[in-house]
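The data block below is start-v3.cif; it holds mmCIF, C-alpha atoms and all ligand atoms.
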```cif
data_run
loop_
_atom_site.label_atom_id
_atom_site.label_comp_id
_atom_site.auth_asym_id
_atom_site.auth_seq_id
_atom_site.Cartn_x
_atom_site.Cartn_y
_atom_site.Cartn_z
CA MET A 1 81.65 61.71 112.36
CA LYS A 2 80.76 65.39 112.20
CA THR A 3 84.23 66.32 113.46
CA ILE A 4 85.83 64.23 110.75
CA THR A 5 83.73 65.98 108.11
CA ASN A 6 84.75 69.34 109.57
CA ILE A 7 88.44 68.46 109.58
CA PHE A 8 88.06 67.11 106.09
CA SER A 9 86.49 70.29 104.73
CA ALA A 10 89.06 72.43 106.55
CA VAL A 11 91.86 70.46 104.93
CA ILE A 12 90.27 70.74 101.50
CA MET A 13 89.93 74.50 101.98
CA MET A 14 93.59 74.78 102.94
CA ILE A 15 94.59 72.87 99.82
CA ALA A 16 92.37 74.99 97.60
CA LEU A 17 94.01 78.09 99.07
CA LEU A 18 97.40 76.59 98.52
CA ILE A 19 96.77 75.72 94.90
CA SER A 20 95.42 79.21 94.18
CA SER A 21 98.39 80.88 95.88
CA SER A 22 100.98 78.81 94.07
CA SER A 23 99.26 79.65 90.83
CA PHE A 24 102.27 78.77 88.70
CA GLY A 25 102.03 75.09 89.52
CA GLN A 26 105.69 74.21 89.74
CA THR A 27 108.23 76.81 90.84
CA PRO A 28 109.17 78.81 87.73
CA LYS A 29 112.83 78.98 86.78
CA LEU A 30 113.86 82.54 85.97
CA THR A 31 116.96 84.00 84.35
CA ASP A 32 118.40 87.34 85.52
CA PRO A 33 116.77 89.33 82.65
CA GLU A 34 113.44 87.71 83.62
CA ILE A 35 113.98 88.50 87.31
CA ALA A 36 114.70 92.13 86.39
CA SER A 37 111.44 92.21 84.43
CA VAL A 38 109.45 90.77 87.36
CA ALA A 39 111.01 93.33 89.72
CA VAL A 40 110.18 96.30 87.47
CA THR A 41 106.65 94.99 86.75
CA ALA A 42 105.84 94.37 90.43
CA ASN A 43 106.92 97.91 91.35
CA GLN A 44 105.10 99.50 88.42
CA ILE A 45 101.86 97.75 89.38
CA ASP A 46 101.89 99.32 92.83
CA ILE A 47 102.59 102.76 91.33
CA ASN A 48 99.51 102.26 89.14
CA TYR A 49 97.37 101.32 92.16
CA ALA A 50 98.63 104.47 93.90
CA LYS A 51 97.57 106.57 90.89
CA ILE A 52 94.01 105.23 91.22
CA ALA A 53 94.05 106.03 94.95
CA LYS A 54 95.23 109.57 94.23
CA GLU A 55 92.29 110.03 91.85
CA LYS A 56 89.61 108.40 93.99
CA SER A 57 90.45 108.86 97.68
CA LYS A 58 89.95 111.89 99.90
CA ASN A 59 91.29 110.20 103.04
CA ALA A 60 94.54 111.82 104.25
CA ASP A 61 96.08 108.55 105.54
CA VAL A 62 95.27 106.69 102.33
CA LEU A 63 96.62 109.54 100.21
CA LYS A 64 99.85 109.73 102.23
CA PHE A 65 100.29 105.98 101.99
CA ALA A 66 99.69 106.09 98.22
CA ALA A 67 102.21 108.94 97.82
CA THR A 68 104.84 106.88 99.67
CA MET A 69 104.09 103.86 97.44
CA ALA A 70 104.42 105.95 94.27
CA SER A 71 107.76 107.50 95.25
CA ASP A 72 109.35 104.42 96.89
CA HIS A 73 108.45 102.03 94.09
CA GLN A 74 109.71 104.56 91.55
CA SER A 75 113.04 104.75 93.44
CA VAL A 76 113.30 100.96 93.26
CA ILE A 77 112.53 100.95 89.52
CA ASP A 78 115.16 103.67 88.94
CA GLN A 79 117.75 101.56 90.77
CA ALA A 80 116.76 98.41 88.88
CA VAL A 81 116.91 100.20 85.52
CA ALA A 82 120.31 101.70 86.38
CA LEU A 83 121.59 98.27 87.31
CA VAL A 84 120.37 96.45 84.19
CA LYS A 85 121.90 99.23 82.08
CA LYS A 86 125.19 98.82 83.89
CA LEU A 87 125.07 95.05 83.44
CA GLY A 88 123.99 95.35 79.80
CA VAL A 89 120.90 93.25 80.47
CA THR A 90 117.49 93.71 78.80
CA PRO A 91 114.55 92.80 81.10
CA LYS A 92 112.63 89.90 79.57
CA ASP A 93 108.89 89.20 79.81
CA ASN A 94 108.04 85.85 81.37
CA GLU A 95 105.19 83.81 82.88
CA VAL A 96 105.55 85.49 86.30
CA SER A 97 105.54 89.09 85.02
CA LYS A 98 102.63 88.25 82.66
CA LYS A 99 100.65 86.73 85.51
CA LEU A 100 101.34 89.79 87.71
CA ASN A 101 100.10 92.12 84.96
CA ALA A 102 96.99 90.03 84.25
CA ASP A 103 96.05 89.93 87.96
CA ALA A 104 96.69 93.68 88.27
CA GLU A 105 94.28 94.41 85.40
CA THR A 106 91.50 92.56 87.24
CA THR A 107 92.29 94.37 90.49
CA LYS A 108 92.36 97.80 88.83
CA LYS A 109 88.95 97.11 87.25
CA MET A 110 87.59 96.15 90.66
CA LEU A 111 89.06 99.28 92.32
CA ARG A 112 87.59 101.57 89.66
CA THR A 113 84.04 100.35 90.41
CA LYS A 114 84.32 101.53 94.04
CA SER A 115 84.14 104.95 95.66
CA GLY A 116 84.29 106.69 99.05
CA ASN A 117 85.15 104.56 102.03
CA THR A 118 84.39 101.37 100.12
CA PHE A 119 87.22 102.34 97.78
CA ASN A 120 89.58 103.19 100.67
CA LYS A 121 88.97 99.82 102.28
CA ALA A 122 89.34 97.90 99.01
CA TYR A 123 92.53 99.78 98.08
CA ILE A 124 94.25 99.27 101.42
CA HIS A 125 93.08 95.65 101.67
CA ASN A 126 94.64 95.02 98.25
CA GLU A 127 97.86 96.79 99.30
CA VAL A 128 98.19 94.45 102.29
CA ALA A 129 97.56 91.37 100.13
CA TYR A 130 99.75 92.61 97.26
CA HIS A 131 102.75 93.42 99.45
CA LYS A 132 102.46 90.02 101.16
CA ALA A 133 102.49 88.34 97.74
CA VAL A 134 105.41 90.42 96.44
CA ILE A 135 107.45 89.82 99.62
CA GLU A 136 106.87 86.10 99.15
CA THR A 137 107.94 86.29 95.49
CA VAL A 138 111.08 88.37 96.16
CA GLN A 139 112.11 86.28 99.17
CA ASN A 140 111.42 82.80 97.88
CA LEU A 141 111.70 83.12 94.12
CA LEU A 142 113.71 86.13 92.93
CA ILE A 143 116.49 86.28 95.54
CA PRO A 144 117.24 82.52 95.52
CA GLN A 145 117.30 82.41 91.70
CA ALA A 146 119.23 85.63 90.98
CA GLN A 147 122.64 84.76 89.54
CA ASN A 148 124.28 88.20 89.43
CA ALA A 149 125.51 89.32 92.84
CA GLU A 150 124.50 92.97 92.33
CA LEU A 151 121.00 91.98 91.25
CA LYS A 152 120.69 89.74 94.31
CA ALA A 153 121.98 92.55 96.55
CA LEU A 154 119.45 95.00 95.09
CA LEU A 155 116.59 92.56 95.72
CA GLU A 156 117.82 92.08 99.28
CA LYS A 157 117.77 95.85 99.77
CA VAL A 158 114.21 96.03 98.45
CA LEU A 159 112.88 93.42 100.87
CA PRO A 160 112.89 95.62 104.03
CA ILE A 161 111.20 98.40 102.03
CA LEU A 162 108.38 96.02 101.10
CA LYS A 163 108.08 94.85 104.70
CA ALA A 164 107.80 98.44 105.98
CA HIS A 165 105.13 99.09 103.33
CA LEU A 166 103.20 96.05 104.52
CA GLU A 167 103.31 97.25 108.14
CA HIS A 168 102.26 100.73 107.02
CA ALA A 169 99.36 99.29 104.99
CA GLU A 170 98.24 97.18 107.95
CA MET A 171 98.36 100.30 110.14
CA VAL A 172 96.06 102.19 107.76
CA GLN A 173 93.84 99.12 107.39
CA LYS A 174 93.32 99.07 111.18
CA MET A 175 92.03 102.66 111.08
CA PHE A 176 89.24 101.52 108.77
CA ALA A 177 88.41 98.50 110.90
CA LYS A 178 87.19 100.75 113.73
CA MET B 1 83.05 56.50 99.89
CA ARG B 2 84.35 56.78 103.41
CA ILE B 3 87.53 54.94 102.52
CA ARG B 4 88.20 57.31 99.61
CA SER B 5 87.71 60.33 101.85
CA TRP B 6 90.23 58.94 104.29
CA GLY B 7 92.73 58.43 101.48
CA ILE B 8 92.41 62.08 100.45
CA LEU B 9 92.57 63.15 104.07
CA LYS B 10 95.81 61.23 104.57
CA ASN B 11 97.37 62.74 101.45
CA SER B 12 96.19 66.18 102.47
CA MET B 13 97.78 65.83 105.89
CA TYR B 14 101.04 64.84 104.21
CA ILE B 15 100.95 67.92 101.96
CA LEU B 16 100.09 70.18 104.87
CA PHE B 17 102.98 68.81 106.88
CA SER B 18 105.40 69.43 104.02
CA ILE B 19 104.17 73.02 103.76
CA PHE B 20 104.64 73.42 107.47
CA LEU B 21 108.25 72.30 107.13
CA LEU B 22 108.82 74.60 104.16
CA CYS B 23 107.40 77.60 105.99
CA ASN B 24 109.72 76.99 108.91
CA CYS B 25 112.75 76.98 106.65
CA TYR B 26 111.82 80.36 105.22
CA ASP B 27 111.98 82.01 108.62
CA SER B 28 115.70 81.68 109.15
CA PRO B 29 117.13 84.13 106.55
CA LYS B 30 115.08 86.98 108.06
CA LYS B 31 117.53 87.25 110.93
CA ASP B 32 120.40 88.36 108.72
CA PRO B 33 119.47 92.05 108.18
CA SER B 34 119.06 92.84 111.88
CA ALA B 35 122.46 91.29 112.58
CA ARG B 36 124.02 93.63 110.04
CA GLY B 37 122.18 96.56 111.58
CA ALA B 38 123.54 95.69 114.99
CA ALA B 39 127.07 95.68 113.62
CA ASN B 40 126.52 99.21 112.34
CA ASP B 41 125.23 100.35 115.70
CA THR B 42 128.54 99.92 117.48
CA ASN B 43 130.10 102.51 115.17
CA ASN B 44 127.28 104.97 115.72
CA HIS B 45 128.03 105.32 119.41
CA ILE B 46 131.47 106.70 118.75
CA PRO B 47 131.26 110.45 119.27
CA LYS B 48 132.56 111.76 115.97
CA GLY B 49 133.38 115.13 117.56
CA GLU B 50 136.40 113.61 119.29
CA ALA B 51 137.61 112.11 116.07
CA LEU B 52 137.54 115.60 114.58
CA GLY B 53 139.83 116.88 117.35
CA ILE B 54 137.24 118.77 119.40
CA LYS B 55 138.24 119.11 123.05
CA LYS B 56 136.44 117.40 125.93
CA GLY B 57 133.45 119.26 127.34
CA GLN B 58 132.60 120.63 123.93
CA PRO B 59 129.51 119.46 122.02
CA HIS B 60 129.74 116.08 120.34
CA VAL B 61 128.52 114.95 116.95
CA TYR B 62 126.62 111.67 116.76
CA ILE B 63 125.59 109.65 113.73
CA VAL B 64 122.26 107.88 113.35
CA SER B 65 122.33 105.76 110.22
CA ILE B 66 119.11 104.95 108.42
CA SER B 67 119.25 101.57 106.73
CA GLU B 68 116.83 98.71 106.07
CA MET B 69 113.97 101.02 107.02
CA THR B 70 115.28 101.41 110.57
CA PHE B 71 117.06 104.08 112.59
CA HIS B 72 120.37 102.76 113.99
CA PRO B 73 120.50 103.18 116.94
CA LYS B 74 116.79 103.46 117.58
CA ALA B 75 117.41 105.41 120.78
CA ILE B 76 120.37 107.73 121.27
CA LYS B 77 121.53 109.43 124.46
CA VAL B 78 123.22 112.83 124.01
CA HIS B 79 123.79 116.09 125.87
CA LYS B 80 121.85 119.24 125.04
CA GLY B 81 123.86 121.14 122.45
CA ASP B 82 125.22 117.97 120.80
CA THR B 83 124.60 117.46 117.11
CA ILE B 84 123.02 114.40 115.52
CA ILE B 85 123.55 113.62 111.85
CA TRP B 86 121.08 111.24 110.23
CA ILE B 87 122.54 109.50 107.15
CA ASN B 88 120.15 107.79 104.75
CA HIS B 89 121.73 104.59 103.37
CA ASP B 90 118.45 103.26 101.94
CA LEU B 91 117.24 103.35 98.30
CA VAL B 92 114.24 105.44 99.29
CA ALA B 93 113.79 108.88 100.87
CA HIS B 94 113.15 109.12 104.60
CA CYS B 95 112.56 111.94 107.03
CA VAL B 96 113.01 112.67 110.71
CA THR B 97 109.98 114.33 112.31
CA GLU B 98 109.15 114.99 115.96
CA VAL B 99 106.09 112.94 116.99
CA SER B 100 103.89 114.90 119.34
CA ASN B 101 103.63 118.53 118.29
CA LYS B 102 105.88 118.28 115.25
CA PRO B 103 108.01 121.30 116.25
CA TRP B 104 110.74 120.11 113.91
CA THR B 105 111.16 117.99 110.78
CA SER B 106 114.01 117.30 108.40
CA SER B 107 111.65 117.16 105.40
CA ALA B 108 112.58 114.41 102.91
CA ILE B 109 116.17 113.16 103.13
CA PRO B 110 116.87 111.60 99.71
CA SER B 111 118.79 108.34 99.33
CA GLY B 112 122.48 108.85 100.10
CA ARG B 113 121.94 112.25 101.76
CA SER B 114 122.04 113.36 105.38
CA TRP B 115 120.48 115.91 107.72
CA LYS B 116 121.78 117.31 111.00
CA MET B 117 120.25 118.96 114.02
CA VAL B 118 121.50 120.45 117.29
CA VAL B 119 119.62 118.75 120.13
CA ILE B 120 117.81 121.08 122.54
CA GLN B 121 115.44 118.57 124.17
CA SER B 122 114.47 114.92 124.40
CA SER B 123 112.16 113.86 121.57
CA ASP B 124 110.35 110.90 120.14
CA TYR B 125 110.61 111.06 116.38
CA TYR B 126 109.44 109.05 113.38
CA CYS B 127 109.63 108.98 109.60
CA ALA B 128 106.47 110.68 108.32
CA ILE B 129 106.97 108.95 104.95
CA HIS B 130 107.08 105.52 106.65
CA PRO B 131 105.24 105.98 109.97
CA VAL B 132 106.31 102.51 111.15
CA MET B 133 109.91 103.82 111.52
CA LYS B 134 110.42 105.24 115.00
CA GLY B 135 113.35 106.72 116.93
CA LYS B 136 114.12 108.43 120.20
CA ILE B 137 116.52 111.12 121.44
CA VAL B 138 117.28 111.25 125.14
CA ALA B 139 118.90 114.61 125.97
CA GLU B 140 120.61 115.00 129.34
CU CU A 201 111.15 106.44 105.99
#
```

Show me this structure written as structure tokens.
Ligand SMILES: [Cu+2]
Amino acid sequence: MKTITNIFSAVIMMIALLISSSSFGQTPKLTDPEIASVAVTANQIDINYAKIAKEKSKNADVLKFAATMASDHQSVIDQAVALVKKLGVTPKDNEVSKKLNADAETTKKMLRTKSGNTFNKAYIHNEVAYHKAVIETVQNLLIPQAQNAELKALLEKVLPILKAHLEHAEMVQKMFAK
Amino acid sequence: MRIRSWGILKNSMYILFSIFLLCNCYDSPKKDPSARGAANDTNNHIPKGEALGIKKGQPHVYIVSISEMTFHPKAIKVHKGDTIIWINHDLVAHCVTEVSNKPWTSSAIPSGRSWKMVVIQSSDYYCAIHPVMKGKIVAE
């Protein structure tokens, strides 16, 4: 009986996690201008996190990681902006970009309350979680729904960058686990 | 009460199983990029020096292409005095930096640009901007 209760609570926990991770309920349907907006927003959010790290951290590994995030995500934004210009598309706000921005506001507030090593840990922990979430969004939402071939190709080029960032973040995170 | 719990448990198991199936599907597209990288690699082994009309016995020029956050090929075998050109095909800047004592570094190689070096010794190198990117030069 106890085992059943344990399994039961484990299953409930998994479902709770699932519902919170797929926070949009049903899969949102996005147009190319909306996908462009999500892409720019997601990159800008990580640049903003990096700015906070630059202000608050004194750790060399965290600062180097943050500098890479700021410059790489800016390169991606520049490419995305150049492409939408070329295609004559105006990025359009949507439920996904709004949700990303709302979540980022909460996270930035949380990061600003911390300092020293507590900040370093919180920042890098968030970078790991954020890159996992963005990889998931680009891979399973933006790429499959992108209609324009060049937009799809750009998103496909961004994916390995995000994956390298995740590995890098996990590497820095391990240094703080010691 | 117990019966209701079992009902939820059964439904939960069904949902979990569906997720499991979904997750498995998502794994397959990941293999594409590495396949493309491998295709590039075959070209990189061609000593470009010969293509430029340099005679046998003279130093060769090798290309290491940087794409999808990886050095292609990851390890390259050359002779001392040969030149390696690293070409950055990614959207972001990379660099080529010796690992242990950092006696040499390319500094940042912007997107679309390249950097070359005459090899004098074997080295393990990495990208200091993205420390997860690693490469190796074996000099004979
Ligand atoms: Cu790099």

- Dump the neighbourhood of ligand CU 201 (chain A) as a VMD selection string: all residues within 12 Å, distances computed on all atoms listed in the file. (chain A and resid 65 68 to 69 71 to 72 160 to 162 164 to 165 168) or (chain B and resid 65 to 71 86 to 97 106 to 111 125 to 135)

- Query: In terms of the shortest atom-to-atom distance over only C-alpha atoms, which of B:Thr105, B:Gln58, B:Lys116, B:Lys136 is closest to Lys80 of chain B?
  - Reply: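 Of B:Thr105, B:Gln58, B:Lys116, B:Lys136, the one nearest Lys80 of chain B, counting only C-alpha atoms, is B:Gln58.
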
- Query: For Ile120 of chain B, which of B:Gly81, B:Tyr62, B:Val138, B:Pro103 is the closest residue, counting all atoms listed in the file?
  - Reply: B:Gly81

- Ile84 of chain B surroundings by only C-alpha atoms, 9 Å radius, close-in-sequence under 6 positions cut, as a PyMOL selection string: chain B and resi 60-64+78+115-119

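Atom pair atom CA of Thr118 of chain A / atom CA of Ser57 of chain A: separated by 9.9 Å.
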
- Query: Which residue, A:Val96, A:Leu159, A:Ile45, A:Met175, has the smallest gap to chain B when you use all atoms listed in the file?
  - Reply: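 Counting all atoms listed in the file, the residue closest to chain B is A:Leu159.
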
Report, as AutoDock Vina command-line options, the centre and edge lengths in Å (one decimal) of the axis-aligned box enclosing every listed atom of segment 77-93 of chain B, padded by 4 Å on each side.
```
--center_x 119.5 --center_y 112.2 --center_z 112.1 --size_x 19.4 --size_y 25.9 --size_z 35.6
```
